[in-house]
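To start, the structure itself, in structure tokens.
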Amino acid sequence: MGEETASKRPTIVDVARHAGVSPAAASKVLRNAYGVSAEMKTKVQASMNALGYRPLASARGMRGRTQAIAVVVADLHNEFSSLLVEGVRQESVRQKYRLLVAPSGSGKDAQDRMVDDLIDRGMDGIVLISPLGTDAELEAQAKSIPMVVLGRHGGSQEFDSVAADDFAGAGLVVDHLVAHGHKRIAYINHTTDGRNDARLPEEVRVRGYVDAMIRHGLGDSIDIVQTQWSQEGGEEAGRVLLARKKPPTAIFAGADVAAIGILTSLWAAGVSVPGEMSVAGFDNIFTTSLAPISMTTVDQSGLDMGSKAGRLLLERIADRKDAVNSLIQPSLIVRTTTSAPMVRTL
């Protein structure tokens, strides 16, 4: 027994226990990950020295041998997120890789904990869907593992990115509604604690809406409702707009899931669509094509975006060094929830 104890090699869990920190924190020190304080680094390194901890060479060399990748997604309730994940899955199957879907929940801390855990579990690479954080933070993570960022705009030499041209997509909707004669067009935006990252889809789409309204001479009619891109958020936004003395004649929601919430609140209030109010969304999720809904929306080829992200990640794992930053051009899908505004007579 004593001989076995003496020969047992200390693990990162032993180091964490000795230092009084979590295994994830100890692992971050070992990887020299972004955001580790000098105090934490000193404490963990002291425990490593005290225990004689040395990372196994086999563990350090495992990357690229597990044939497993992961996709980190905050919200699987959003049908479009599921489309992106399915695209990644299809590509991983095609190239004989296993895919782990990792729902992180909301918030940057939860996202970072999930990424750290996936790195520790030996994933060969990670796709992050609309991740939070600065470029420097994402680049630091990408130095630890091959990474593709999906849905977030802007490029880096450290990771690949795939995004739709959200700015152009928002312009397509406004152009369509203005062509039908609408001038009072409200936009439903998503906000997270009031501090949206300028590179995330929600911020690019709202800028596209504002630009298109100004371009059509409707700058004074810009009307942005801040909520969550969820069915509940859409329903609440619909009630807010209907309570106004002069509601808009058209509502453009930056995500289909919120647009469906808008429709729910309008129908519950007895408002006809598109007769009394037009509604448009963004994403072209499957639900929008169902005959009872038949919603005008923007298609950004979610399956293709996911598949491309998976392909780029596997190229990264195969040691491609040059960054690829891909922008997908969206198209407008016109259905029956938009038409000319009703002409009211006294």
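Note on naming: chains are A, B, ... as they come in the structure tokens, residues start from 1 per chain, ligands start from 1 in the order shown.
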
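Excluding A:Leu132 and any residue on its chain fewer than 5 positions from it, the residues at most 8 Å away by only C-alpha atoms are Gly107, Lys108, Gln111 and Asp197 of chain A.
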
Output N, CA, C and O atoms for every residue in the selection just made, as an mmCIF file, in the first residue's frame.
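Result saved to out_2.cif:
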data_model
loop_
_atom_site.group_PDB
_atom_site.id
_atom_site.type_symbol
_atom_site.label_atom_id
_atom_site.label_comp_id
_atom_site.auth_asym_id
_atom_site.auth_seq_id
_atom_site.Cartn_x
_atom_site.Cartn_y
_atom_site.Cartn_z
ATOM 1 N N GLY A 107 -24.517 33.990 -20.549
ATOM 2 C CA GLY A 107 -23.463 34.676 -19.809
ATOM 3 C C GLY A 107 -22.074 34.210 -20.193
ATOM 4 O O GLY A 107 -21.850 33.050 -20.536
ATOM 5 N N LYS A 108 -21.138 35.150 -20.122
ATOM 6 C CA LYS A 108 -19.764 34.858 -20.533
ATOM 7 C C LYS A 108 -19.069 33.881 -19.586
ATOM 8 O O LYS A 108 -18.306 33.020 -20.019
ATOM 9 N N GLN A 111 -20.042 30.433 -20.461
ATOM 10 C CA GLN A 111 -19.405 30.064 -21.733
ATOM 11 C C GLN A 111 -17.943 29.686 -21.515
ATOM 12 O O GLN A 111 -17.468 28.663 -22.025
ATOM 13 N N ASP A 197 -22.220 43.343 -27.644
ATOM 14 C CA ASP A 197 -20.967 43.388 -28.378
ATOM 15 C C ASP A 197 -21.266 43.806 -29.809
ATOM 16 O O ASP A 197 -22.148 43.237 -30.463
#

Can you list, as a PyMOL selection string, all residues belonging to stretch 89-292 of chain A that DSSP tags as strand (DSSP E)?
chain A and resi 98-103+125-129+147-150+160-164+185-190+223-227+250-253+278-280

Please provide as a short mmCIF file (atom, residue, chain, number, x, y, z; two decimals) with N, CA, C and O atoms, in the first residue's frame all residues within 12 Å of A:Ala140, with the sequence filter that same-chain residues fewer than 2 positions apart are discarded (counting only C-alpha atoms).
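Final output, saved to around-v1.cif:
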data_model
loop_
_atom_site.label_atom_id
_atom_site.label_comp_id
_atom_site.auth_asym_id
_atom_site.auth_seq_id
_atom_site.Cartn_x
_atom_site.Cartn_y
_atom_site.Cartn_z
N LYS A 28 -6.46 26.11 -16.10
CA LYS A 28 -6.22 27.37 -16.83
C LYS A 28 -4.80 27.88 -16.58
O LYS A 28 -4.16 28.39 -17.49
N ARG A 31 -2.44 25.83 -18.66
CA ARG A 31 -2.49 26.16 -20.10
C ARG A 31 -2.10 27.60 -20.38
O ARG A 31 -2.09 28.04 -21.52
N ASN A 32 -1.84 28.37 -19.30
CA ASN A 32 -1.54 29.80 -19.44
C ASN A 32 -2.69 30.50 -20.16
O ASN A 32 -2.50 31.32 -21.05
N ALA A 33 -3.94 30.15 -19.75
CA ALA A 33 -5.14 30.69 -20.40
C ALA A 33 -5.33 32.15 -20.04
O ALA A 33 -4.82 32.67 -19.04
N TYR A 34 -6.12 32.83 -20.88
CA TYR A 34 -6.38 34.25 -20.69
C TYR A 34 -7.19 34.47 -19.40
O TYR A 34 -8.08 33.69 -19.07
N GLY A 35 -6.91 35.55 -18.69
CA GLY A 35 -7.72 35.95 -17.56
C GLY A 35 -7.29 35.39 -16.21
O GLY A 35 -7.98 35.58 -15.21
N VAL A 36 -6.16 34.68 -16.15
CA VAL A 36 -5.66 34.13 -14.88
C VAL A 36 -4.88 35.23 -14.14
O VAL A 36 -3.95 35.81 -14.70
N ASP A 112 -17.22 30.50 -20.75
CA ASP A 112 -15.80 30.24 -20.52
C ASP A 112 -15.59 28.94 -19.75
O ASP A 112 -14.64 28.19 -20.02
N VAL A 115 -15.95 26.11 -22.22
CA VAL A 115 -14.78 25.99 -23.10
C VAL A 115 -13.62 25.33 -22.35
O VAL A 115 -12.95 24.43 -22.87
N ASP A 116 -13.38 25.78 -21.13
CA ASP A 116 -12.29 25.19 -20.33
C ASP A 116 -12.53 23.70 -20.13
O ASP A 116 -11.59 22.88 -20.22
N GLY A 133 -17.45 37.99 -25.42
CA GLY A 133 -16.04 38.19 -25.11
C GLY A 133 -15.34 39.07 -26.14
O GLY A 133 -15.83 39.26 -27.25
N THR A 134 -14.21 39.58 -25.75
CA THR A 134 -13.41 40.42 -26.64
C THR A 134 -12.61 39.56 -27.61
O THR A 134 -12.46 38.35 -27.41
N ASP A 135 -12.07 40.20 -28.64
CA ASP A 135 -11.20 39.48 -29.56
C ASP A 135 -10.01 38.86 -28.82
O ASP A 135 -9.63 37.72 -29.09
N ALA A 136 -9.43 39.62 -27.89
CA ALA A 136 -8.26 39.13 -27.16
C ALA A 136 -8.61 37.87 -26.36
O ALA A 136 -7.81 36.92 -26.30
N GLU A 137 -9.78 37.85 -25.75
CA GLU A 137 -10.19 36.69 -24.96
C GLU A 137 -10.41 35.47 -25.85
O GLU A 137 -9.99 34.35 -25.51
N LEU A 138 -11.07 35.67 -26.99
CA LEU A 138 -11.30 34.55 -27.90
C LEU A 138 -9.99 34.06 -28.52
O LEU A 138 -9.78 32.86 -28.69
N ALA A 142 -8.32 30.39 -28.45
CA ALA A 142 -7.98 29.72 -29.71
C ALA A 142 -6.53 29.27 -29.75
O ALA A 142 -6.17 28.39 -30.54
N LYS A 143 -5.69 29.84 -28.90
CA LYS A 143 -4.29 29.38 -28.83
C LYS A 143 -4.18 28.05 -28.09
O LYS A 143 -3.17 27.36 -28.19
N SER A 144 -5.24 27.71 -27.35
CA SER A 144 -5.24 26.45 -26.62
C SER A 144 -5.88 25.32 -27.41
O SER A 144 -5.62 24.15 -27.13
N ILE A 145 -6.71 25.67 -28.41
CA ILE A 145 -7.44 24.64 -29.14
C ILE A 145 -7.92 25.22 -30.47
O ILE A 145 -8.28 26.41 -30.53
N PRO A 146 -7.91 24.46 -31.57
CA PRO A 146 -8.46 24.97 -32.84
C PRO A 146 -9.92 25.42 -32.65
O PRO A 146 -10.71 24.72 -32.00
N MET A 147 -10.25 26.58 -33.22
CA MET A 147 -11.56 27.17 -32.92
C MET A 147 -12.14 27.86 -34.16
O MET A 147 -11.41 28.48 -34.95
N SER A 156 -9.93 37.13 -37.16
CA SER A 156 -8.70 37.06 -36.37
C SER A 156 -7.79 36.04 -37.04
O SER A 156 -8.27 35.12 -37.70
N GLN A 157 -6.51 36.18 -36.84
CA GLN A 157 -5.58 35.20 -37.37
C GLN A 157 -5.58 33.93 -36.55
O GLN A 157 -5.14 32.87 -37.01
N GLU A 158 -6.12 34.01 -35.33
CA GLU A 158 -6.08 32.87 -34.42
C GLU A 158 -7.25 31.91 -34.61
O GLU A 158 -7.17 30.75 -34.22
N PHE A 159 -8.37 32.38 -35.16
CA PHE A 159 -9.52 31.50 -35.35
C PHE A 159 -10.24 31.87 -36.65
O PHE A 159 -10.09 32.98 -37.17
#

Would you write out, as a Markdown table, a table of all residues in stretch 17-101 of chain A that have an atom no more than 12 Å from an atom of stretch 254-273 of chain A, listing for each the closest atom pair and the distance in Å to one decimal, considering only C-alpha atoms and ordering rows by chain and rising residue number?
| residue | atom | partner | partner_atom | distance |
| --- | --- | --- | --- | --- |
| A:Asp75 | CA | A:Val257 | CA | 11.6 |
| A:Leu76 | CA | A:Val257 | CA | 11.7 |
| A:His77 | CA | A:Val257 | CA | 9.0 |
| A:Asn78 | CA | A:Val257 | CA | 6.5 |
| A:Glu79 | CA | A:Val257 | CA | 7.5 |
| A:Phe80 | CA | A:Asp256 | CA | 8.4 |
| A:Ser81 | CA | A:Val257 | CA | 10.8 |

Just to be explicit: take each residue in the selection above, keep all heavy atoms, and write the result as a CSV table (one decimal), in the first residue's frame.
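Output (selection01.csv):
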chain,number,residue,atom,x,y,z
A,75,ASP,N,-28.2,28.9,-26.5
A,75,ASP,CA,-29.7,28.7,-26.5
A,75,ASP,C,-30.1,27.7,-27.5
A,75,ASP,O,-30.2,28.0,-28.7
A,75,ASP,CB,-30.3,30.1,-26.7
A,75,ASP,CG,-31.8,30.0,-26.7
A,75,ASP,OD1,-32.4,29.0,-26.2
A,75,ASP,OD2,-32.5,31.0,-27.2
A,76,LEU,N,-30.5,26.5,-27.1
A,76,LEU,CA,-31.0,25.5,-28.0
A,76,LEU,C,-32.5,25.7,-28.2
A,76,LEU,O,-33.1,25.0,-29.1
A,76,LEU,CB,-30.7,24.1,-27.5
A,76,LEU,CG,-29.3,23.6,-27.8
A,76,LEU,CD1,-29.0,22.3,-27.1
A,76,LEU,CD2,-29.0,23.5,-29.3
A,77,HIS,N,-33.1,26.6,-27.5
A,77,HIS,CA,-34.6,26.8,-27.7
A,77,HIS,C,-34.8,27.5,-29.0
A,77,HIS,O,-35.9,27.4,-29.6
A,77,HIS,CB,-35.2,27.6,-26.5
A,77,HIS,CG,-35.2,26.8,-25.3
A,77,HIS,ND1,-36.1,25.8,-25.1
A,77,HIS,CD2,-34.5,27.0,-24.1
A,77,HIS,CE1,-35.9,25.3,-23.9
A,77,HIS,NE2,-35.0,26.0,-23.2
A,78,ASN,N,-33.8,28.3,-29.4
A,78,ASN,CA,-33.9,29.0,-30.7
A,78,ASN,C,-33.7,28.0,-31.8
A,78,ASN,O,-32.6,27.4,-32.0
A,78,ASN,CB,-32.8,30.1,-30.8
A,78,ASN,CG,-33.0,31.0,-32.0
A,78,ASN,OD1,-33.5,30.6,-33.0
A,78,ASN,ND2,-32.5,32.3,-31.9
A,79,GLU,N,-34.7,27.8,-32.7
A,79,GLU,CA,-34.6,26.9,-33.7
A,79,GLU,C,-33.4,27.1,-34.7
A,79,GLU,O,-32.9,26.1,-35.2
A,79,GLU,CB,-35.9,26.8,-34.5
A,79,GLU,CG,-36.1,25.7,-35.4
A,79,GLU,CD,-37.5,25.7,-36.1
A,79,GLU,OE1,-38.4,26.2,-35.5
A,79,GLU,OE2,-37.6,25.2,-37.3
A,80,PHE,N,-33.0,28.3,-34.8
A,80,PHE,CA,-31.9,28.6,-35.8
A,80,PHE,C,-30.6,28.1,-35.2
A,80,PHE,O,-29.8,27.6,-36.0
A,80,PHE,CB,-31.8,30.1,-36.0
A,80,PHE,CG,-30.8,30.5,-37.1
A,80,PHE,CD1,-30.9,30.1,-38.4
A,80,PHE,CD2,-29.6,31.1,-36.7
A,80,PHE,CE1,-30.0,30.4,-39.3
A,80,PHE,CE2,-28.6,31.3,-37.7
A,80,PHE,CZ,-28.8,31.0,-39.0
A,81,SER,N,-30.4,28.2,-33.9
A,81,SER,CA,-29.2,27.6,-33.3
A,81,SER,C,-29.2,26.1,-33.6
A,81,SER,O,-28.1,25.5,-33.8
A,81,SER,CB,-29.2,27.8,-31.8
A,81,SER,OG,-29.1,29.2,-31.4

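With distances restricted to only C-alpha atoms, A:Phe286 is the closest residue to A:Leu303 from A:Tyr187, A:Phe252, A:Tyr97, A:Phe286.
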
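From atom CA of A:His176 back to atom CA of A:Met295, the distance works out to 13.4 Å.
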
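Shortest separation to A:His182 among A:Asn325, A:Ser230, A:Thr287, A:Ser221 occurs at residue A:Ser221, atoms counted being only C-alpha atoms.
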
Leaving out A:Val21 and any residue of its chain fewer than 4 positions from it, which residues lie within 10 Å of it when counting only C-alpha atoms, given as a ChimeraX atom specification?
/A:13,15-17,25-26,40,43-44

A:Gln228 environment, 8 Å, only C-alpha atoms, sequence neighbours closer than 4 positions dropped, as an mmCIF file with C-alpha atoms, in the first residue's frame:
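Generated file (result06.cif):
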data_model
loop_
_atom_site.group_PDB
_atom_site.id
_atom_site.type_symbol
_atom_site.label_atom_id
_atom_site.label_comp_id
_atom_site.auth_asym_id
_atom_site.auth_seq_id
_atom_site.Cartn_x
_atom_site.Cartn_y
_atom_site.Cartn_z
ATOM 1 C CA ASN A 189 -33.796 44.007 -30.997
ATOM 2 C CA HIS A 190 -32.080 41.633 -28.585
ATOM 3 C CA THR A 191 -30.063 42.986 -25.699
ATOM 4 C CA THR A 192 -27.980 41.294 -23.000
ATOM 5 C CA GLU A 232 -41.736 35.509 -24.614
ATOM 6 C CA GLY A 233 -39.674 38.554 -25.570
ATOM 7 C CA GLY A 234 -41.574 38.887 -28.841
ATOM 8 C CA ALA A 258 -39.253 36.759 -31.551
#

With a distance cut-off of 6 Å and only C-alpha atoms, select the neighbouring residues of A:Val127, excluding the residue or stretch itself and same-chain residues fewer than 5 positions from it, and output the selection as a ChimeraX atom specification.
/A:71,147-149

Hey, can you check how far atom CA of A:Gln329 sits from atom CA of A:Ser289?
20.2 Å

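Comparing A:Ala164, A:Ala243, A:Val29, A:Leu99 by their smallest distance to A:Gly302, the closest is A:Ala164 (using only C-alpha atoms).
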
Those of stretch 303-339 of chain A in DSSP helix (DSSP H, G or I), formatted as number ranges by chain:
A: 303-317

Neighbours of A:Val324 within 8 Å (only C-alpha atoms; same-chain residues fewer than 4 positions away dropped), as a VMD selection string?
chain A and resid 155 159 to 161 312

Mind giving me the straight-line distance from atom CA of A:Gly181 to atom CA of A:Ala340 in Å, one decimal?
5.8 Å

Counting only C-alpha atoms, the residue of A:Met213, A:Leu327, A:Val162, A:Ala50 that sits nearest A:Pro10
A:Ala50

Residue nearest A:Ile224 - candidates A:Ala318, A:Leu200, A:Leu241, A:Met305, atoms counted: only C-alpha atoms
A:Leu241

Restricting the calculation to only C-alpha atoms, which member of A:Val178, A:Ala170, A:Arg316, A:Gln141 is positioned closest to A:Thr297?
A:Ala170
